[in-house]
$ cat run.txt   # compact mmCIF, N, CA and C atoms
# COMPACT_ATOMS: atom_id res chain seq x y z
N VAL A 1 122.90 -6.59 81.87
CA VAL A 1 123.54 -5.85 80.79
C VAL A 1 122.87 -4.50 80.63
N GLN A 2 123.67 -3.47 80.52
CA GLN A 2 123.13 -2.12 80.26
C GLN A 2 123.79 -1.54 79.02
N LEU A 3 122.98 -0.86 78.23
CA LEU A 3 123.48 -0.18 77.05
C LEU A 3 123.29 1.31 77.23
N GLN A 4 124.32 2.05 76.93
CA GLN A 4 124.27 3.51 77.04
C GLN A 4 124.61 4.10 75.68
N ALA A 5 123.65 4.77 75.09
CA ALA A 5 123.86 5.41 73.79
C ALA A 5 124.11 6.89 73.99
N PHE A 6 125.02 7.44 73.21
CA PHE A 6 125.28 8.87 73.29
C PHE A 6 125.82 9.37 71.96
N GLY A 7 125.82 10.68 71.81
CA GLY A 7 126.36 11.29 70.59
C GLY A 7 125.34 11.98 69.73
N GLY A 8 124.06 11.91 70.08
CA GLY A 8 123.06 12.58 69.27
C GLY A 8 123.15 14.09 69.40
N GLY A 9 122.37 14.78 68.60
CA GLY A 9 122.38 16.23 68.65
C GLY A 9 121.70 16.83 67.44
N LEU A 10 121.89 18.12 67.29
CA LEU A 10 121.31 18.88 66.18
C LEU A 10 122.41 19.17 65.16
N VAL A 11 122.12 18.88 63.91
CA VAL A 11 123.09 19.11 62.85
C VAL A 11 122.35 19.57 61.60
N GLN A 12 123.02 20.33 60.78
CA GLN A 12 122.42 20.76 59.52
C GLN A 12 122.51 19.64 58.48
N ALA A 13 121.61 19.67 57.55
CA ALA A 13 121.66 18.70 56.45
C ALA A 13 123.03 18.74 55.78
N GLY A 14 123.54 17.54 55.49
CA GLY A 14 124.87 17.44 54.91
C GLY A 14 125.97 17.25 55.93
N GLY A 15 125.64 17.45 57.20
CA GLY A 15 126.63 17.32 58.25
C GLY A 15 126.80 15.88 58.74
N SER A 16 127.57 15.74 59.79
CA SER A 16 127.91 14.41 60.32
C SER A 16 127.70 14.36 61.82
N LEU A 17 127.42 13.16 62.29
CA LEU A 17 127.37 12.87 63.72
C LEU A 17 127.92 11.47 63.94
N ARG A 18 128.44 11.26 65.12
CA ARG A 18 128.93 9.92 65.48
C ARG A 18 128.21 9.50 66.75
N LEU A 19 127.48 8.42 66.66
CA LEU A 19 126.81 7.83 67.81
C LEU A 19 127.66 6.69 68.35
N SER A 20 127.62 6.53 69.65
CA SER A 20 128.32 5.41 70.27
C SER A 20 127.39 4.72 71.25
N CYS A 21 127.63 3.43 71.42
CA CYS A 21 126.84 2.63 72.36
C CYS A 21 127.81 1.80 73.18
N ALA A 22 127.78 2.00 74.48
CA ALA A 22 128.66 1.25 75.37
C ALA A 22 127.84 0.22 76.13
N ALA A 23 128.32 -1.00 76.12
CA ALA A 23 127.68 -2.09 76.85
C ALA A 23 128.44 -2.36 78.13
N SER A 24 127.73 -2.54 79.20
CA SER A 24 128.36 -2.83 80.48
C SER A 24 127.65 -3.98 81.16
N GLY A 25 128.34 -4.62 82.07
CA GLY A 25 127.74 -5.70 82.84
C GLY A 25 128.30 -7.07 82.50
N ARG A 26 128.72 -7.22 81.25
CA ARG A 26 129.31 -8.49 80.83
C ARG A 26 130.20 -8.25 79.63
N THR A 27 131.03 -9.20 79.35
CA THR A 27 131.74 -9.22 78.06
C THR A 27 131.17 -10.36 77.25
N PHE A 28 131.26 -10.23 75.93
CA PHE A 28 130.58 -11.17 75.06
C PHE A 28 131.56 -11.72 74.03
N SER A 29 131.50 -13.02 73.83
CA SER A 29 132.38 -13.63 72.84
C SER A 29 131.76 -13.59 71.45
N THR A 30 130.46 -13.51 71.38
CA THR A 30 129.76 -13.35 70.11
C THR A 30 128.57 -12.43 70.34
N TYR A 31 128.24 -11.64 69.36
CA TYR A 31 127.08 -10.76 69.52
C TYR A 31 126.69 -10.13 68.20
N ASP A 32 125.46 -9.68 68.18
CA ASP A 32 124.98 -8.69 67.21
C ASP A 32 124.76 -7.41 68.00
N MET A 33 125.25 -6.32 67.49
CA MET A 33 124.86 -5.03 68.05
C MET A 33 124.34 -4.18 66.91
N GLY A 34 123.17 -3.64 67.11
CA GLY A 34 122.52 -2.91 66.04
C GLY A 34 122.06 -1.54 66.46
N TRP A 35 121.81 -0.73 65.47
CA TRP A 35 121.19 0.59 65.66
C TRP A 35 119.85 0.57 64.94
N PHE A 36 118.86 1.06 65.65
CA PHE A 36 117.52 1.22 65.11
C PHE A 36 117.12 2.66 65.36
N ARG A 37 116.16 3.13 64.60
CA ARG A 37 115.69 4.49 64.83
C ARG A 37 114.18 4.55 64.73
N GLN A 38 113.65 5.55 65.41
CA GLN A 38 112.20 5.74 65.39
C GLN A 38 111.90 7.22 65.26
N ALA A 39 111.30 7.57 64.14
CA ALA A 39 110.88 8.94 63.90
C ALA A 39 109.48 9.13 64.46
N PRO A 40 109.08 10.36 64.75
CA PRO A 40 107.75 10.60 65.30
C PRO A 40 106.66 10.04 64.40
N GLY A 41 105.77 9.25 64.99
CA GLY A 41 104.65 8.70 64.25
C GLY A 41 104.99 7.52 63.36
N LYS A 42 106.21 7.03 63.46
CA LYS A 42 106.63 5.92 62.61
C LYS A 42 107.07 4.73 63.45
N GLU A 43 107.15 3.58 62.79
CA GLU A 43 107.63 2.37 63.44
C GLU A 43 109.15 2.46 63.62
N ARG A 44 109.65 1.73 64.60
CA ARG A 44 111.09 1.63 64.77
C ARG A 44 111.65 0.82 63.61
N GLU A 45 112.75 1.28 63.05
CA GLU A 45 113.30 0.61 61.88
C GLU A 45 114.80 0.37 62.03
N PHE A 46 115.24 -0.65 61.35
CA PHE A 46 116.64 -1.03 61.35
C PHE A 46 117.48 0.00 60.61
N VAL A 47 118.68 0.27 61.14
CA VAL A 47 119.62 1.18 60.49
C VAL A 47 120.91 0.44 60.10
N ALA A 48 121.56 -0.16 61.08
CA ALA A 48 122.83 -0.85 60.82
C ALA A 48 123.11 -1.82 61.95
N ALA A 49 123.91 -2.84 61.65
CA ALA A 49 124.28 -3.80 62.69
C ALA A 49 125.65 -4.39 62.39
N VAL A 50 126.29 -4.84 63.44
CA VAL A 50 127.53 -5.58 63.30
C VAL A 50 127.38 -6.91 64.02
N ARG A 51 127.76 -7.95 63.32
CA ARG A 51 127.75 -9.30 63.90
C ARG A 51 129.20 -9.69 64.11
N TRP A 52 129.53 -10.05 65.34
CA TRP A 52 130.93 -10.31 65.66
C TRP A 52 131.11 -11.63 66.37
N SER A 53 132.17 -12.34 65.97
CA SER A 53 132.71 -13.45 66.74
C SER A 53 134.22 -13.40 66.53
N SER A 54 134.95 -14.27 67.19
CA SER A 54 136.40 -14.29 67.03
C SER A 54 136.81 -14.68 65.62
N ALA A 55 135.90 -15.32 64.89
CA ALA A 55 136.22 -15.81 63.56
C ALA A 55 135.84 -14.83 62.46
N MET A 56 134.91 -13.93 62.72
CA MET A 56 134.47 -13.07 61.63
C MET A 56 133.75 -11.84 62.17
N THR A 57 133.69 -10.84 61.33
CA THR A 57 132.87 -9.66 61.58
C THR A 57 132.07 -9.37 60.32
N SER A 58 130.77 -9.17 60.48
CA SER A 58 129.92 -8.82 59.34
C SER A 58 129.14 -7.57 59.69
N THR A 59 128.93 -6.74 58.71
CA THR A 59 128.13 -5.54 58.91
C THR A 59 126.94 -5.54 57.96
N TYR A 60 125.87 -4.90 58.41
CA TYR A 60 124.63 -4.86 57.66
C TYR A 60 124.09 -3.44 57.73
N TYR A 61 123.49 -3.00 56.64
CA TYR A 61 122.96 -1.64 56.57
C TYR A 61 121.59 -1.64 55.90
N ALA A 62 120.73 -0.77 56.39
CA ALA A 62 119.50 -0.47 55.67
C ALA A 62 119.86 0.27 54.38
N ASP A 63 119.00 0.14 53.39
CA ASP A 63 119.27 0.83 52.12
C ASP A 63 119.45 2.34 52.34
N SER A 64 118.71 2.88 53.27
CA SER A 64 118.79 4.33 53.53
C SER A 64 120.13 4.74 54.14
N ALA A 65 120.85 3.77 54.70
CA ALA A 65 122.11 4.07 55.37
C ALA A 65 123.33 3.75 54.51
N LYS A 66 123.15 2.92 53.53
CA LYS A 66 124.29 2.48 52.72
C LYS A 66 124.97 3.66 52.05
N GLY A 67 126.30 3.67 52.15
CA GLY A 67 127.09 4.73 51.54
C GLY A 67 127.22 5.99 52.36
N ARG A 68 126.42 6.09 53.43
CA ARG A 68 126.48 7.29 54.28
C ARG A 68 126.87 6.96 55.71
N PHE A 69 126.44 5.82 56.20
CA PHE A 69 126.68 5.44 57.59
C PHE A 69 127.68 4.30 57.64
N THR A 70 128.48 4.29 58.70
CA THR A 70 129.44 3.21 58.91
C THR A 70 129.37 2.76 60.37
N ILE A 71 129.16 1.47 60.56
CA ILE A 71 129.13 0.92 61.92
C ILE A 71 130.48 0.26 62.20
N SER A 72 130.97 0.44 63.40
CA SER A 72 132.26 -0.14 63.76
C SER A 72 132.24 -0.56 65.23
N ARG A 73 133.16 -1.41 65.62
CA ARG A 73 133.18 -1.92 66.98
C ARG A 73 134.54 -1.71 67.62
N ASP A 74 134.53 -1.63 68.93
CA ASP A 74 135.75 -1.60 69.72
C ASP A 74 135.53 -2.58 70.86
N ASN A 75 135.98 -3.80 70.67
CA ASN A 75 135.70 -4.83 71.66
C ASN A 75 136.38 -4.55 72.99
N ALA A 76 137.53 -3.92 72.95
CA ALA A 76 138.24 -3.63 74.20
C ALA A 76 137.41 -2.71 75.09
N LYS A 77 136.61 -1.87 74.46
CA LYS A 77 135.78 -0.94 75.21
C LYS A 77 134.32 -1.38 75.25
N ASN A 78 134.01 -2.54 74.65
CA ASN A 78 132.62 -2.99 74.57
C ASN A 78 131.72 -1.90 73.97
N THR A 79 132.20 -1.30 72.90
CA THR A 79 131.50 -0.16 72.31
C THR A 79 131.33 -0.38 70.81
N VAL A 80 130.17 0.03 70.33
CA VAL A 80 129.91 0.05 68.89
C VAL A 80 129.52 1.47 68.51
N SER A 81 130.07 1.96 67.43
CA SER A 81 129.80 3.32 66.99
C SER A 81 129.12 3.34 65.63
N LEU A 82 128.41 4.40 65.38
CA LEU A 82 127.75 4.62 64.09
C LEU A 82 128.15 5.99 63.60
N GLN A 83 128.98 6.02 62.58
CA GLN A 83 129.38 7.28 61.96
C GLN A 83 128.37 7.61 60.88
N MET A 84 127.74 8.75 61.02
CA MET A 84 126.69 9.14 60.08
C MET A 84 127.13 10.39 59.32
N ASN A 85 127.28 10.26 58.04
CA ASN A 85 127.70 11.36 57.18
C ASN A 85 126.59 11.74 56.21
N ARG A 86 126.70 12.91 55.64
CA ARG A 86 125.73 13.41 54.65
C ARG A 86 124.30 13.24 55.17
N LEU A 87 124.10 13.70 56.38
CA LEU A 87 122.79 13.53 57.02
C LEU A 87 121.71 14.31 56.29
N LYS A 88 120.50 13.75 56.33
CA LYS A 88 119.34 14.34 55.68
C LYS A 88 118.27 14.61 56.72
N PRO A 89 117.37 15.52 56.46
CA PRO A 89 116.28 15.75 57.42
C PRO A 89 115.49 14.48 57.73
N GLU A 90 115.36 13.59 56.79
CA GLU A 90 114.62 12.35 57.03
C GLU A 90 115.37 11.38 57.94
N ASP A 91 116.61 11.69 58.29
CA ASP A 91 117.34 10.89 59.28
C ASP A 91 116.97 11.29 60.72
N THR A 92 116.19 12.33 60.86
CA THR A 92 115.77 12.78 62.18
C THR A 92 114.97 11.69 62.88
N ALA A 93 115.41 11.31 64.07
CA ALA A 93 114.76 10.22 64.82
C ALA A 93 115.48 10.05 66.15
N VAL A 94 114.86 9.26 67.00
CA VAL A 94 115.57 8.76 68.19
C VAL A 94 116.26 7.47 67.78
N TYR A 95 117.56 7.42 68.01
CA TYR A 95 118.37 6.26 67.63
C TYR A 95 118.61 5.40 68.87
N HIS A 96 118.32 4.13 68.73
CA HIS A 96 118.48 3.18 69.83
C HIS A 96 119.53 2.15 69.45
N CYS A 97 120.40 1.81 70.39
CA CYS A 97 121.28 0.68 70.15
C CYS A 97 120.68 -0.55 70.83
N ALA A 98 121.02 -1.70 70.32
CA ALA A 98 120.46 -2.94 70.83
C ALA A 98 121.49 -4.05 70.71
N LEU A 99 121.35 -5.04 71.56
CA LEU A 99 122.34 -6.11 71.65
C LEU A 99 121.63 -7.46 71.66
N ASN A 100 122.19 -8.38 70.88
CA ASN A 100 121.74 -9.77 70.88
C ASN A 100 122.97 -10.64 71.12
N THR A 101 123.01 -11.32 72.25
CA THR A 101 124.19 -12.12 72.59
C THR A 101 124.06 -13.58 72.21
N ASN A 102 122.94 -13.94 71.60
CA ASN A 102 122.74 -15.33 71.16
C ASN A 102 122.12 -15.29 69.77
N TYR A 103 122.93 -14.97 68.78
CA TYR A 103 122.38 -14.68 67.46
C TYR A 103 122.17 -15.90 66.57
N ALA A 104 122.49 -17.09 67.03
CA ALA A 104 122.31 -18.28 66.20
C ALA A 104 120.86 -18.37 65.72
N GLY A 105 120.69 -18.45 64.42
CA GLY A 105 119.36 -18.59 63.85
C GLY A 105 118.56 -17.31 63.77
N SER A 106 119.16 -16.19 64.11
CA SER A 106 118.41 -14.94 64.09
C SER A 106 119.01 -13.98 63.07
N SER A 107 118.24 -13.00 62.71
CA SER A 107 118.67 -12.01 61.74
C SER A 107 119.19 -10.78 62.44
N SER A 108 120.33 -10.28 61.97
CA SER A 108 120.91 -9.08 62.56
C SER A 108 120.07 -7.85 62.31
N THR A 109 119.19 -7.92 61.31
CA THR A 109 118.41 -6.74 60.95
C THR A 109 117.02 -6.74 61.56
N SER A 110 116.69 -7.77 62.30
CA SER A 110 115.34 -7.90 62.85
C SER A 110 115.27 -7.34 64.26
N LEU A 111 114.38 -6.42 64.45
CA LEU A 111 114.17 -5.79 65.75
C LEU A 111 113.88 -6.84 66.82
N ASP A 112 113.11 -7.84 66.46
CA ASP A 112 112.68 -8.86 67.43
C ASP A 112 113.81 -9.74 67.92
N ALA A 113 114.93 -9.75 67.23
CA ALA A 113 116.05 -10.61 67.62
C ALA A 113 116.83 -10.06 68.79
N TYR A 114 116.64 -8.80 69.10
CA TYR A 114 117.48 -8.14 70.09
C TYR A 114 116.87 -8.18 71.48
N THR A 115 117.71 -8.49 72.44
CA THR A 115 117.26 -8.67 73.82
C THR A 115 117.43 -7.41 74.66
N TYR A 116 118.55 -6.74 74.46
CA TYR A 116 118.88 -5.58 75.30
C TYR A 116 118.81 -4.30 74.47
N TRP A 117 118.24 -3.27 75.07
CA TRP A 117 118.06 -2.00 74.37
C TRP A 117 118.58 -0.86 75.22
N GLY A 118 119.20 0.11 74.54
CA GLY A 118 119.59 1.35 75.19
C GLY A 118 118.42 2.32 75.20
N GLN A 119 118.62 3.45 75.86
CA GLN A 119 117.53 4.39 76.07
C GLN A 119 117.27 5.28 74.89
N GLY A 120 118.16 5.36 73.94
CA GLY A 120 117.96 6.18 72.76
C GLY A 120 118.63 7.53 72.88
N THR A 121 119.04 8.03 71.73
CA THR A 121 119.63 9.37 71.66
C THR A 121 119.02 10.07 70.44
N LEU A 122 118.65 11.33 70.61
CA LEU A 122 117.92 12.05 69.58
C LEU A 122 118.88 12.67 68.58
N VAL A 123 118.59 12.42 67.32
CA VAL A 123 119.31 13.05 66.21
C VAL A 123 118.32 13.92 65.47
N THR A 124 118.64 15.20 65.34
CA THR A 124 117.79 16.14 64.61
C THR A 124 118.61 16.75 63.49
N VAL A 125 118.11 16.60 62.27
CA VAL A 125 118.80 17.15 61.11
C VAL A 125 117.93 18.26 60.54
N SER A 126 118.45 19.46 60.54
CA SER A 126 117.69 20.59 60.03
C SER A 126 117.99 20.82 58.55
N SER A 127 116.97 21.31 57.87
CA SER A 127 117.13 21.54 56.41
C SER A 127 117.67 22.92 56.12

$ encode --input "run.txt" --output "structure tokens"
Amino acid sequence: VQLQAFGGGLVQAGGSLRLSCAASGRTFSTYDMGWFRQAPGKEREFVAAVRWSSAMTSTYYADSAKGRFTISRDNAKNTVSLQMNRLKPEDTAVYHCALNTNYAGSSSTSLDAYTYWGQGTLVTVSS
């Protein structure tokens, strides 16, 4: 399985960016796909995740993302996107997408639950 993240860039505070993560190599009947970010000198932290099966879809957000970010999926394209609005300078980080294809008993917000990771895409928000 390979994850390819794209969509990062430089934006002014208050602006928007849309990140996407494409998974290749397999199709999945159930999964968690999440976005994490890591700012310079800081630990990698959870941003948002979507848990999907044929029976349900659930989304999860960090408090810092609630009301500003929206995670969505496109199963036909094996892609999950993160729409980020009202960006702040403190959102500046490398954003990584991650995939967990066996989420039973695991938390969608836990970094340790994810098996596959993309290479990251840099988001820079200027003040």

$ closest_residue --input "run.txt" --among "A:Trp35, A:Thr27, A:Ala104, A:Met56" --to "Ser81 in chain A" --atoms "only C-alpha atoms"
A:Trp35

$ residues_around --input "run.txt" --residues "range 60-71 of chain A" --least-positions-apart "5" --cutoff "8 Å" --atoms "all atoms listed in the file" --output "list in words"
Glu45, Phe46, Val47, Ala48, Ala49, Val50, Arg51, Val80, Ser81, Leu82, Gln83, Met84, Asn85, Arg86, Leu87, Ser108 and Thr109 of chain A

$ residues_near_point --input "run.txt" --point "(121.1, -9.5, 69.0)" --cutoff "7 Å" --atoms "only N, CA and C atoms" --output "list of chain:residue names"
A:Tyr31, A:Asp32, A:Met33, A:Gly34, A:Ala98, A:Leu99, A:Asn100, A:Thr101, A:Asn102, A:Tyr103, A:Ser107, A:Ser108, A:Ala113, A:Tyr114, A:Thr115, A:Tyr116

$ write_last_selection --input "run.txt" --atoms "N, CA and C atoms" --output "compact mmCIF listing (two decimals), in the coordinates of the input"
# COMPACT_ATOMS: atom_id res chain seq x y z
N TYR A 31 128.24 -11.64 69.36
CA TYR A 31 127.08 -10.76 69.52
C TYR A 31 126.69 -10.13 68.20
N ASP A 32 125.46 -9.68 68.18
CA ASP A 32 124.98 -8.69 67.21
C ASP A 32 124.76 -7.41 68.00
N MET A 33 125.25 -6.32 67.49
CA MET A 33 124.86 -5.03 68.05
C MET A 33 124.34 -4.18 66.91
N GLY A 34 123.17 -3.64 67.11
CA GLY A 34 122.52 -2.91 66.04
C GLY A 34 122.06 -1.54 66.46
N ALA A 98 121.02 -1.70 70.32
CA ALA A 98 120.46 -2.94 70.83
C ALA A 98 121.49 -4.05 70.71
N LEU A 99 121.35 -5.04 71.56
CA LEU A 99 122.34 -6.11 71.65
C LEU A 99 121.63 -7.46 71.66
N ASN A 100 122.19 -8.38 70.88
CA ASN A 100 121.74 -9.77 70.88
C ASN A 100 122.97 -10.64 71.12
N THR A 101 123.01 -11.32 72.25
CA THR A 101 124.19 -12.12 72.59
C THR A 101 124.06 -13.58 72.21
N ASN A 102 122.94 -13.94 71.60
CA ASN A 102 122.74 -15.33 71.16
C ASN A 102 122.12 -15.29 69.77
N TYR A 103 122.93 -14.97 68.78
CA TYR A 103 122.38 -14.68 67.46
C TYR A 103 122.17 -15.90 66.57
N SER A 107 118.24 -13.00 62.71
CA SER A 107 118.67 -12.01 61.74
C SER A 107 119.19 -10.78 62.44
N SER A 108 120.33 -10.28 61.97
CA SER A 108 120.91 -9.08 62.56
C SER A 108 120.07 -7.85 62.31
N ALA A 113 114.93 -9.75 67.23
CA ALA A 113 116.05 -10.61 67.62
C ALA A 113 116.83 -10.06 68.79
N TYR A 114 116.64 -8.80 69.10
CA TYR A 114 117.48 -8.14 70.09
C TYR A 114 116.87 -8.18 71.48
N THR A 115 117.71 -8.49 72.44
CA THR A 115 117.26 -8.67 73.82
C THR A 115 117.43 -7.41 74.66
N TYR A 116 118.55 -6.74 74.46
CA TYR A 116 118.88 -5.58 75.30
C TYR A 116 118.81 -4.30 74.47

$ closest_residue --input "run.txt" --among "A:Thr79, A:Gly7, A:Val1, A:Cys21" --to "Thr121 in chain A" --atoms "only N, CA and C atoms"
A:Gly7

$ atom_distance --input "run.txt" --atom1 "CA of Pro89 in chain A" --atom2 "CA of Gly8 in chain A"
14.0 Å

$ select_by_dssp --input "run.txt" --residues "chain A" --states "strand (DSSP E or B)" --output "ChimeraX atom specification"
/A:2-6,9-12,17-24,31-38,45-52,57-61,69-74,79-84,93-100,116-117,121-126

$ atom_distance --input "run.txt" --atom1 "atom C of Gln4 in chain A" --atom2 "CA of Asn78 in chain A"
10.8 Å

$ closest_residue --input "run.txt" --among "A:Gln12, A:Thr57, A:Ser126, A:Thr92" --to "Thr30 in chain A" --atoms "only C-alpha atoms"
A:Thr57

$ build_atoms --input "run.txt" --residues "range 32-49 of chain A" --atoms "N, CA, C and O atoms" --output "short mmCIF file (atom, residue, chain, number, x, y, z; two decimals), keeping the file's coordinate frame"
data_model
loop_
_atom_site.label_atom_id
_atom_site.label_comp_id
_atom_site.auth_asym_id
_atom_site.auth_seq_id
_atom_site.Cartn_x
_atom_site.Cartn_y
_atom_site.Cartn_z
N ASP A 32 125.46 -9.68 68.18
CA ASP A 32 124.98 -8.69 67.21
C ASP A 32 124.76 -7.41 68.00
O ASP A 32 124.13 -7.45 69.06
N MET A 33 125.25 -6.32 67.49
CA MET A 33 124.86 -5.03 68.05
C MET A 33 124.34 -4.18 66.91
O MET A 33 125.00 -4.05 65.88
N GLY A 34 123.17 -3.64 67.11
CA GLY A 34 122.52 -2.91 66.04
C GLY A 34 122.06 -1.54 66.46
O GLY A 34 121.95 -1.23 67.66
N TRP A 35 121.81 -0.73 65.47
CA TRP A 35 121.19 0.59 65.66
C TRP A 35 119.85 0.57 64.94
O TRP A 35 119.76 0.15 63.78
N PHE A 36 118.86 1.06 65.65
CA PHE A 36 117.52 1.22 65.11
C PHE A 36 117.12 2.66 65.36
O PHE A 36 117.65 3.32 66.24
N ARG A 37 116.16 3.13 64.60
CA ARG A 37 115.69 4.49 64.83
C ARG A 37 114.18 4.55 64.73
O ARG A 37 113.55 3.73 64.06
N GLN A 38 113.65 5.55 65.41
CA GLN A 38 112.20 5.74 65.39
C GLN A 38 111.90 7.22 65.26
O GLN A 38 112.24 8.01 66.15
N ALA A 39 111.30 7.57 64.14
CA ALA A 39 110.88 8.94 63.90
C ALA A 39 109.48 9.13 64.46
O ALA A 39 108.72 8.15 64.62
N PRO A 40 109.08 10.36 64.75
CA PRO A 40 107.75 10.60 65.30
C PRO A 40 106.66 10.04 64.40
O PRO A 40 106.66 10.26 63.19
N GLY A 41 105.77 9.25 64.99
CA GLY A 41 104.65 8.70 64.25
C GLY A 41 104.99 7.52 63.36
O GLY A 41 104.14 7.05 62.61
N LYS A 42 106.21 7.03 63.46
CA LYS A 42 106.63 5.92 62.61
C LYS A 42 107.07 4.73 63.45
O LYS A 42 107.37 4.86 64.64
N GLU A 43 107.15 3.58 62.79
CA GLU A 43 107.63 2.37 63.44
C GLU A 43 109.15 2.46 63.62
O GLU A 43 109.84 3.14 62.87
N ARG A 44 109.65 1.73 64.60
CA ARG A 44 111.09 1.63 64.77
C ARG A 44 111.65 0.82 63.61
O ARG A 44 111.09 -0.23 63.23
N GLU A 45 112.75 1.28 63.05
CA GLU A 45 113.30 0.61 61.88
C GLU A 45 114.80 0.37 62.03
O GLU A 45 115.51 1.09 62.73
N PHE A 46 115.24 -0.65 61.35
CA PHE A 46 116.64 -1.03 61.35
C PHE A 46 117.48 0.00 60.61
O PHE A 46 117.06 0.51 59.56
N VAL A 47 118.68 0.27 61.14
CA VAL A 47 119.62 1.18 60.49
C VAL A 47 120.91 0.44 60.10
O VAL A 47 121.31 0.44 58.93
N ALA A 48 121.56 -0.16 61.08
CA ALA A 48 122.83 -0.85 60.82
C ALA A 48 123.11 -1.82 61.95
O ALA A 48 122.60 -1.65 63.07
N ALA A 49 123.91 -2.84 61.65
CA ALA A 49 124.28 -3.80 62.69
C ALA A 49 125.65 -4.39 62.39
O ALA A 49 126.08 -4.43 61.24
#
